[in-house]
$ cat data_17.cif   # mmCIF, C-alpha atoms and all ligand atoms
data_structure
#
loop_
_atom_site.group_PDB
_atom_site.id
_atom_site.type_symbol
_atom_site.label_atom_id
_atom_site.label_comp_id
_atom_site.auth_asym_id
_atom_site.auth_seq_id
_atom_site.Cartn_x
_atom_site.Cartn_y
_atom_site.Cartn_z
ATOM 1 C CA MET A 1 2.933 -10.821 25.746
ATOM 2 C CA ARG A 2 4.915 -7.676 24.972
ATOM 3 C CA LEU A 3 6.220 -7.436 21.423
ATOM 4 C CA ASP A 4 9.869 -8.256 20.910
ATOM 5 C CA LYS A 5 11.885 -5.074 20.222
ATOM 6 C CA LYS A 6 13.069 -6.156 16.767
ATOM 7 C CA VAL A 7 9.539 -7.120 15.690
ATOM 8 C CA TYR A 8 8.237 -3.879 17.155
ATOM 9 C CA ASP A 9 10.742 -1.868 15.088
ATOM 10 C CA LEU A 10 9.795 -3.750 11.925
ATOM 11 C CA LEU A 11 6.067 -3.302 12.491
ATOM 12 C CA ASN A 12 6.501 0.345 13.369
ATOM 13 C CA LYS A 13 8.410 0.895 10.139
ATOM 14 C CA GLN A 14 5.697 -0.921 8.195
ATOM 15 C CA MET A 15 3.014 1.205 9.866
ATOM 16 C CA ASN A 16 4.757 4.396 8.702
ATOM 17 C CA ARG A 17 5.200 2.931 5.271
ATOM 18 C CA GLU A 18 1.437 2.312 4.979
ATOM 19 C CA PHE A 19 0.841 5.922 5.957
ATOM 20 C CA GLN A 20 3.334 7.030 3.325
ATOM 21 C CA ALA A 21 1.538 4.917 0.697
ATOM 22 C CA SER A 22 -1.747 6.538 1.738
ATOM 23 C CA ASN A 23 -0.277 10.026 1.196
ATOM 24 C CA THR A 24 1.263 9.008 -2.111
ATOM 25 C CA TYR A 25 -2.066 7.689 -3.435
ATOM 26 C CA LEU A 26 -3.913 10.741 -2.146
ATOM 27 C CA GLN A 27 -1.459 13.012 -3.964
ATOM 28 C CA MET A 28 -1.694 10.864 -7.109
ATOM 29 C CA GLY A 29 -5.482 11.232 -6.886
ATOM 30 C CA ALA A 30 -5.089 15.005 -6.831
ATOM 31 C CA TRP A 31 -2.858 14.852 -9.905
ATOM 32 C CA ALA A 32 -5.392 12.626 -11.679
ATOM 33 C CA GLU A 33 -8.312 14.879 -10.794
ATOM 34 C CA ASP A 34 -6.338 17.854 -12.045
ATOM 35 C CA GLN A 35 -5.943 16.039 -15.393
ATOM 36 C CA ASP A 36 -9.727 15.353 -15.474
ATOM 37 C CA LEU A 37 -9.029 11.653 -14.926
ATOM 38 C CA THR A 38 -11.965 11.254 -12.550
ATOM 39 C CA GLY A 39 -12.015 7.441 -12.702
ATOM 40 C CA CYS A 40 -8.347 7.220 -11.740
ATOM 41 C CA ALA A 41 -8.852 9.829 -9.015
ATOM 42 C CA LYS A 42 -11.749 7.848 -7.519
ATOM 43 C CA PHE A 43 -9.658 4.679 -7.527
ATOM 44 C CA LEU A 44 -6.640 6.394 -5.960
ATOM 45 C CA TYR A 45 -8.638 8.165 -3.240
ATOM 46 C CA LYS A 46 -10.225 4.865 -2.247
ATOM 47 C CA HIS A 47 -6.829 3.200 -2.218
ATOM 48 C CA ALA A 48 -5.463 6.028 -0.064
ATOM 49 C CA GLU A 49 -8.225 5.353 2.491
ATOM 50 C CA GLU A 50 -7.400 1.642 2.492
ATOM 51 C CA GLU A 51 -3.727 2.297 3.162
ATOM 52 C CA LYS A 52 -4.714 4.473 6.088
ATOM 53 C CA GLU A 53 -6.780 1.571 7.442
ATOM 54 C CA HIS A 54 -3.710 -0.689 7.079
ATOM 55 C CA MET A 55 -1.706 1.843 9.046
ATOM 56 C CA ARG A 56 -4.359 1.873 11.763
ATOM 57 C CA LYS A 57 -4.491 -1.921 11.935
ATOM 58 C CA ILE A 58 -0.765 -2.068 12.720
ATOM 59 C CA PHE A 59 -1.053 0.916 15.077
ATOM 60 C CA ASP A 60 -3.746 -0.895 17.097
ATOM 61 C CA TYR A 61 -1.857 -4.170 17.031
ATOM 62 C CA ILE A 62 1.334 -2.607 18.426
ATOM 63 C CA LEU A 63 -0.708 -1.122 21.279
ATOM 64 C CA GLU A 64 -2.410 -4.448 21.937
ATOM 65 C CA ARG A 65 1.034 -5.982 22.328
ATOM 66 C CA SER A 66 1.998 -3.428 24.970
ATOM 67 C CA ARG A 67 4.137 -1.043 23.004
ATOM 68 C CA GLN A 68 3.577 2.449 21.722
ATOM 69 C CA PRO A 69 3.336 3.023 17.963
ATOM 70 C CA LYS A 70 5.601 5.864 16.841
ATOM 71 C CA LEU A 71 4.505 7.962 13.907
ATOM 72 C CA GLY A 72 7.522 9.148 11.961
ATOM 73 C CA GLU A 73 8.158 11.811 9.365
ATOM 74 C CA ILE A 74 6.586 11.167 6.002
ATOM 75 C CA PRO A 75 8.440 12.427 2.925
ATOM 76 C CA SER A 76 6.367 14.541 0.510
ATOM 77 C CA PRO A 77 5.034 12.522 -2.399
ATOM 78 C CA LYS A 78 5.840 13.342 -6.022
ATOM 79 C CA THR A 79 3.319 15.807 -7.481
ATOM 80 C CA ASN A 80 3.949 15.464 -11.190
ATOM 81 C CA TYR A 81 3.621 12.444 -13.467
ATOM 82 C CA LYS A 82 4.321 12.051 -17.154
ATOM 83 C CA ASP A 83 1.094 10.153 -17.802
ATOM 84 C CA VAL A 84 -1.217 7.436 -16.394
ATOM 85 C CA LYS A 85 1.285 4.789 -17.395
ATOM 86 C CA GLU A 86 3.998 6.268 -15.193
ATOM 87 C CA LEU A 87 1.472 6.671 -12.409
ATOM 88 C CA PHE A 88 0.377 3.036 -12.349
ATOM 89 C CA ASP A 89 3.904 1.714 -12.923
ATOM 90 C CA ILE A 90 4.735 3.442 -9.640
ATOM 91 C CA VAL A 91 1.623 2.008 -7.927
ATOM 92 C CA TYR A 92 2.617 -1.487 -9.028
ATOM 93 C CA LYS A 93 6.204 -1.056 -7.827
ATOM 94 C CA GLU A 94 5.007 0.339 -4.497
ATOM 95 C CA GLU A 95 2.696 -2.657 -3.959
ATOM 96 C CA LYS A 96 5.455 -5.124 -4.856
ATOM 97 C CA ASP A 97 7.810 -3.448 -2.381
ATOM 98 C CA VAL A 98 5.159 -3.583 0.354
ATOM 99 C CA THR A 99 4.620 -7.295 -0.325
ATOM 100 C CA ASP A 100 8.376 -7.895 0.022
ATOM 101 C CA SER A 101 8.480 -5.971 3.236
ATOM 102 C CA ILE A 102 5.469 -7.838 4.738
ATOM 103 C CA HIS A 103 7.068 -11.150 3.765
ATOM 104 C CA LYS A 104 10.335 -10.169 5.466
ATOM 105 C CA ILE A 105 8.541 -9.341 8.713
ATOM 106 C CA THR A 106 6.599 -12.610 8.498
ATOM 107 C CA HIS A 107 9.874 -14.544 8.120
ATOM 108 C CA GLU A 108 11.287 -12.812 11.168
ATOM 109 C CA VAL A 109 8.279 -13.584 13.393
ATOM 110 C CA TRP A 110 8.275 -17.156 12.166
ATOM 111 C CA GLU A 111 11.933 -17.487 13.176
ATOM 112 C CA GLN A 112 11.045 -16.050 16.574
ATOM 113 C CA LYS A 113 8.009 -18.335 16.899
ATOM 114 C CA ASP A 114 5.821 -15.295 17.536
ATOM 115 C CA LEU A 115 2.736 -17.032 16.213
ATOM 116 C CA THR A 116 0.401 -14.236 17.286
ATOM 117 C CA THR A 117 2.110 -11.740 14.993
ATOM 118 C CA PHE A 118 2.471 -14.447 12.373
ATOM 119 C CA SER A 119 -1.299 -14.866 12.412
ATOM 120 C CA PHE A 120 -1.861 -11.093 12.407
ATOM 121 C CA LEU A 121 0.274 -10.778 9.274
ATOM 122 C CA GLN A 122 -1.712 -13.343 7.288
ATOM 123 C CA TRP A 123 -4.360 -10.717 6.575
ATOM 124 C CA PHE A 124 -1.690 -8.436 5.084
ATOM 125 C CA ILE A 125 -0.248 -11.233 2.947
ATOM 126 C CA ASP A 126 -3.691 -11.931 1.457
ATOM 127 C CA GLU A 127 -4.392 -8.234 1.017
ATOM 128 C CA GLN A 128 -1.100 -7.745 -0.856
ATOM 129 C CA ARG A 129 -1.900 -10.641 -3.171
ATOM 130 C CA GLU A 130 -5.150 -8.884 -4.134
ATOM 131 C CA GLU A 131 -3.605 -5.428 -4.444
ATOM 132 C CA GLU A 132 -0.732 -6.688 -6.581
ATOM 133 C CA ALA A 133 -3.104 -8.606 -8.857
ATOM 134 C CA LEU A 134 -5.195 -5.455 -9.309
ATOM 135 C CA ALA A 135 -2.120 -3.333 -10.086
ATOM 136 C CA VAL A 136 -0.920 -5.941 -12.617
ATOM 137 C CA GLU A 137 -4.348 -5.892 -14.268
ATOM 138 C CA ILE A 138 -4.323 -2.098 -14.591
ATOM 139 C CA VAL A 139 -0.734 -1.956 -15.887
ATOM 140 C CA GLY A 140 -1.622 -4.697 -18.402
ATOM 141 C CA LYS A 141 -4.718 -2.852 -19.640
ATOM 142 C CA ILE A 142 -2.716 0.364 -20.055
ATOM 143 C CA LYS A 143 -0.237 -1.581 -22.176
ATOM 144 C CA ILE A 144 -3.021 -2.943 -24.399
ATOM 145 C CA ILE A 145 -5.002 0.294 -24.719
ATOM 146 C CA GLY A 146 -2.043 2.689 -24.981
ATOM 147 C CA THR A 147 -2.041 6.288 -23.846
ATOM 148 C CA GLN A 148 -2.629 7.896 -27.267
ATOM 149 C CA GLY A 149 -5.851 9.732 -28.167
ATOM 150 C CA GLN A 150 -8.967 8.135 -26.692
ATOM 151 C CA GLY A 151 -6.837 5.516 -24.954
ATOM 152 C CA VAL A 152 -6.518 7.699 -21.890
ATOM 153 C CA TYR A 153 -10.310 8.006 -21.711
ATOM 154 C CA MET A 154 -10.720 4.217 -21.898
ATOM 155 C CA ILE A 155 -8.070 3.673 -19.236
ATOM 156 C CA ASP A 156 -9.803 6.174 -16.977
ATOM 157 C CA GLU A 157 -13.142 4.372 -17.423
ATOM 158 C CA PHE A 158 -11.527 1.026 -16.698
ATOM 159 C CA VAL A 159 -9.660 2.164 -13.595
ATOM 160 C CA GLY A 160 -12.786 3.935 -12.318
ATOM 161 C CA SER A 161 -14.730 0.676 -12.640
ATOM 162 C CA LYS A 162 -12.218 -0.937 -10.251
ATOM 163 C CA ALA A 163 -12.765 1.654 -7.502
HETATM 164 FE FE FE B 201 -1.231 -1.402 2.507
HETATM 165 FE FE FE B 202 -1.513 -1.244 -1.003
#
$ encode --input "data_17.cif" --output "structure tokens" --more "lines below"
Ligand SMILES: [Fe+2]
Ligand SMILES: [Fe+2]
Amino acid sequence: MRLDKKVYDLLNKQMNREFQASNTYLQMGAWAEDQDLTGCAKFLYKHAEEEKEHMRKIFDYILERSRQPKLGEIPSPKTNYKDVKELFDIVYKEEKDVTDSIHKITHEVWEQKDLTTFSFLQWFIDEQREEEALAVEIVGKIKIIGTQGQGVYMIDEFVGSKA
């Protein structure tokens, strides 16, 4: 059955948002690599790829439900960060916002009794749980280790081990 227009708009917006997240993480990876934070860069590049896969999942789903996905304009990501703490605070906030947004769409399709999309979104709900938990872990470690002296090196090792 063809996707309801409101659900289509929500999914299309989410698809573009995943693409935006991918670009943001790719840019963050470039910043990290530039700072010789190779562990962080590895983690962020991998994450950027994953976000692109999320985008593609929604893209394919919209097509399957007889509508055309519309790629929108993507604002340029920030290129400069104070330190790794600022970087991962932003990652955590981004993931929390995405979780909120996925939950809102899930509520809407539940209201509409669109159980097919409801089922499709379960994967994203689980994925967000994992991504948020990972971001919380990294932000927590940065808090413990601190960004002074060799702290940055330890953080980079830790984040790299999560890639
Ligand atoms: Fe995502
Ligand atoms: Fe994510």
$ resolve_selection --input "data_17.cif" --expression "the PyMOL selection byres (((chain A and resi 10) around 10) and not hetatm)" --output "number ranges by chain"
A: 5-9, 11-15, 101-102, 104-105, 108
$ residues_near_ligand --input "data_17.cif" --ligand "ligand FE 202 (chain B)" --cutoff "7 Å" --atoms "all atoms listed in the file" --output "count of residues only"
4
$ closest_atom_pairs --input "data_17.cif" --of "chain A" --to "ligand FE 201 (chain B)" --cutoff "9 Å" --atoms "all atoms listed in the file" --output "CSV"
residue,atom,partner,partner_atom,distance
A:Gln14,CA,B:FE201,FE,9.0
A:Met15,CA,B:FE201,FE,8.9
A:Arg17,CA,B:FE201,FE,8.2
A:Glu18,CA,B:FE201,FE,5.2
A:Phe19,CA,B:FE201,FE,8.4
A:Ala21,CA,B:FE201,FE,7.1
A:Ser22,CA,B:FE201,FE,8.0
A:His47,CA,B:FE201,FE,8.7
A:Ala48,CA,B:FE201,FE,8.9
A:Glu50,CA,B:FE201,FE,6.9
A:Glu51,CA,B:FE201,FE,4.5
A:Lys52,CA,B:FE201,FE,7.7
A:Glu53,CA,B:FE201,FE,8.0
A:His54,CA,B:FE201,FE,5.2
A:Met55,CA,B:FE201,FE,7.3
A:Glu95,CA,B:FE201,FE,7.7
A:Val98,CA,B:FE201,FE,7.1
A:Thr99,CA,B:FE201,FE,8.8
A:Phe124,CA,B:FE201,FE,7.5
A:Glu127,CA,B:FE201,FE,7.7
A:Gln128,CA,B:FE201,FE,7.2
A:Glu131,CA,B:FE201,FE,8.4
$ resolve_selection --input "data_17.cif" --expression "the PyMOL selection byres (((chain A and resi 68-77) around 7) and not hetatm)" --output "PyMOL selection string"
chain A and resi 12+16+20+23-24+27+59+62-63+66-67+78-79
$ atom_distance --input "data_17.cif" --atom1 "CA of Ala41 in chain A" --atom2 "CA of Lys82 in chain A"
15.6 Å
$ closest_residue --input "data_17.cif" --among "A:Ile90, A:Phe43, A:Arg65, A:Met28" --to "Asp114 in chain A" --atoms "all atoms listed in the file"
A:Arg65
$ atom_distance --input "data_17.cif" --atom1 "CA of Ala163 in chain A" --atom2 "CA of Asp100 in chain A"
24.4 Å
$ residues_near_point --input "data_17.cif" --point "(-9.7, 3.5, -17.3)" --cutoff "9 Å" --atoms "all atoms listed in the file" --output "number ranges by chain"
A: 37, 39-40, 138, 141-142, 151-162
$ atom_distance --input "data_17.cif" --atom1 "CA of Glu86 in chain A" --atom2 "CA of Ile144 in chain A"
14.8 Å
$ decode --input "data_17.cif" --residues "range 111-151 of chain A" --atoms "N, CA and C atoms" --output "compact mmCIF listing (two decimals), in the first residue's frame"
# COMPACT_ATOMS: atom_id res chain seq x y z
N GLU A 111 -0.46 5.57 15.57
CA GLU A 111 -1.77 6.24 15.54
C GLU A 111 -2.52 5.89 14.26
N GLN A 112 -1.77 5.86 13.16
CA GLN A 112 -2.38 5.59 11.85
C GLN A 112 -2.59 4.10 11.58
N LYS A 113 -2.14 3.28 12.49
CA LYS A 113 -2.20 1.81 12.34
C LYS A 113 -1.46 1.33 11.08
N ASP A 114 -0.39 2.06 10.74
CA ASP A 114 0.46 1.61 9.64
C ASP A 114 1.50 0.66 10.25
N LEU A 115 1.10 -0.57 10.39
CA LEU A 115 1.94 -1.55 11.11
C LEU A 115 3.18 -1.95 10.31
N THR A 116 3.12 -1.78 9.01
CA THR A 116 4.29 -2.10 8.17
C THR A 116 5.43 -1.13 8.48
N THR A 117 5.09 0.17 8.52
CA THR A 117 6.13 1.16 8.85
C THR A 117 6.52 1.04 10.32
N PHE A 118 5.56 0.71 11.14
CA PHE A 118 5.83 0.51 12.57
C PHE A 118 6.91 -0.57 12.72
N SER A 119 6.73 -1.66 12.00
CA SER A 119 7.69 -2.76 12.05
C SER A 119 9.05 -2.32 11.48
N PHE A 120 9.01 -1.60 10.37
CA PHE A 120 10.24 -1.11 9.74
C PHE A 120 11.05 -0.26 10.73
N LEU A 121 10.34 0.53 11.53
CA LEU A 121 11.03 1.46 12.44
C LEU A 121 11.64 0.79 13.67
N GLN A 122 11.22 -0.44 13.94
CA GLN A 122 11.78 -1.13 15.12
C GLN A 122 13.30 -1.25 15.03
N TRP A 123 13.80 -1.51 13.83
CA TRP A 123 15.24 -1.64 13.63
C TRP A 123 15.95 -0.34 14.04
N PHE A 124 15.33 0.79 13.68
CA PHE A 124 15.94 2.09 13.99
C PHE A 124 15.89 2.38 15.49
N ILE A 125 14.82 1.95 16.14
CA ILE A 125 14.70 2.16 17.59
C ILE A 125 15.82 1.39 18.30
N ASP A 126 16.03 0.15 17.89
CA ASP A 126 17.10 -0.67 18.50
C ASP A 126 18.47 -0.09 18.21
N GLU A 127 18.65 0.34 16.97
CA GLU A 127 19.93 0.92 16.55
C GLU A 127 20.23 2.18 17.38
N GLN A 128 19.23 3.02 17.60
CA GLN A 128 19.44 4.24 18.37
C GLN A 128 19.78 3.93 19.82
N ARG A 129 19.19 2.89 20.36
CA ARG A 129 19.52 2.49 21.74
C ARG A 129 21.01 2.18 21.83
N GLU A 130 21.52 1.42 20.85
CA GLU A 130 22.94 1.07 20.84
C GLU A 130 23.83 2.29 20.63
N GLU A 131 23.45 3.14 19.68
CA GLU A 131 24.29 4.29 19.36
C GLU A 131 24.33 5.29 20.52
N GLU A 132 23.19 5.46 21.19
CA GLU A 132 23.16 6.36 22.34
C GLU A 132 24.01 5.82 23.47
N ALA A 133 23.90 4.51 23.71
CA ALA A 133 24.68 3.88 24.79
C ALA A 133 26.17 4.06 24.53
N LEU A 134 26.57 3.90 23.28
CA LEU A 134 27.98 4.06 22.90
C LEU A 134 28.44 5.51 23.11
N ALA A 135 27.60 6.45 22.70
CA ALA A 135 27.94 7.87 22.87
C ALA A 135 28.05 8.23 24.35
N VAL A 136 27.15 7.69 25.17
CA VAL A 136 27.18 7.93 26.62
C VAL A 136 28.48 7.39 27.21
N GLU A 137 28.88 6.20 26.74
CA GLU A 137 30.10 5.57 27.23
C GLU A 137 31.32 6.45 26.90
N ILE A 138 31.37 6.94 25.68
CA ILE A 138 32.51 7.77 25.27
C ILE A 138 32.55 9.09 26.05
N VAL A 139 31.39 9.74 26.15
CA VAL A 139 31.32 11.01 26.90
C VAL A 139 31.73 10.78 28.36
N GLY A 140 31.30 9.67 28.93
CA GLY A 140 31.65 9.32 30.31
C GLY A 140 33.15 9.10 30.48
N LYS A 141 33.75 8.38 29.54
CA LYS A 141 35.20 8.13 29.61
C LYS A 141 35.98 9.43 29.49
N ILE A 142 35.52 10.32 28.62
CA ILE A 142 36.21 11.61 28.44
C ILE A 142 36.16 12.39 29.75
N LYS A 143 35.05 12.29 30.45
CA LYS A 143 34.89 12.98 31.73
C LYS A 143 35.89 12.43 32.76
N ILE A 144 36.02 11.10 32.78
CA ILE A 144 36.94 10.47 33.74
C ILE A 144 38.40 10.80 33.39
N ILE A 145 38.75 10.60 32.12
CA ILE A 145 40.15 10.75 31.71
C ILE A 145 40.58 12.22 31.68
N GLY A 146 39.70 13.10 31.23
CA GLY A 146 40.04 14.51 31.09
C GLY A 146 40.85 14.75 29.82
N THR A 147 40.86 15.99 29.37
CA THR A 147 41.51 16.27 28.09
C THR A 147 42.88 16.94 28.26
N GLN A 148 43.44 16.84 29.48
CA GLN A 148 44.77 17.43 29.73
C GLN A 148 45.87 16.41 29.42
N GLY A 149 47.00 16.89 28.95
CA GLY A 149 48.19 16.06 28.74
C GLY A 149 47.92 14.78 27.98
N GLN A 150 48.29 13.63 28.60
CA GLN A 150 48.16 12.35 27.91
C GLN A 150 46.71 11.87 27.85
N GLY A 151 45.82 12.59 28.51
CA GLY A 151 44.40 12.23 28.49
C GLY A 151 43.87 12.09 27.08
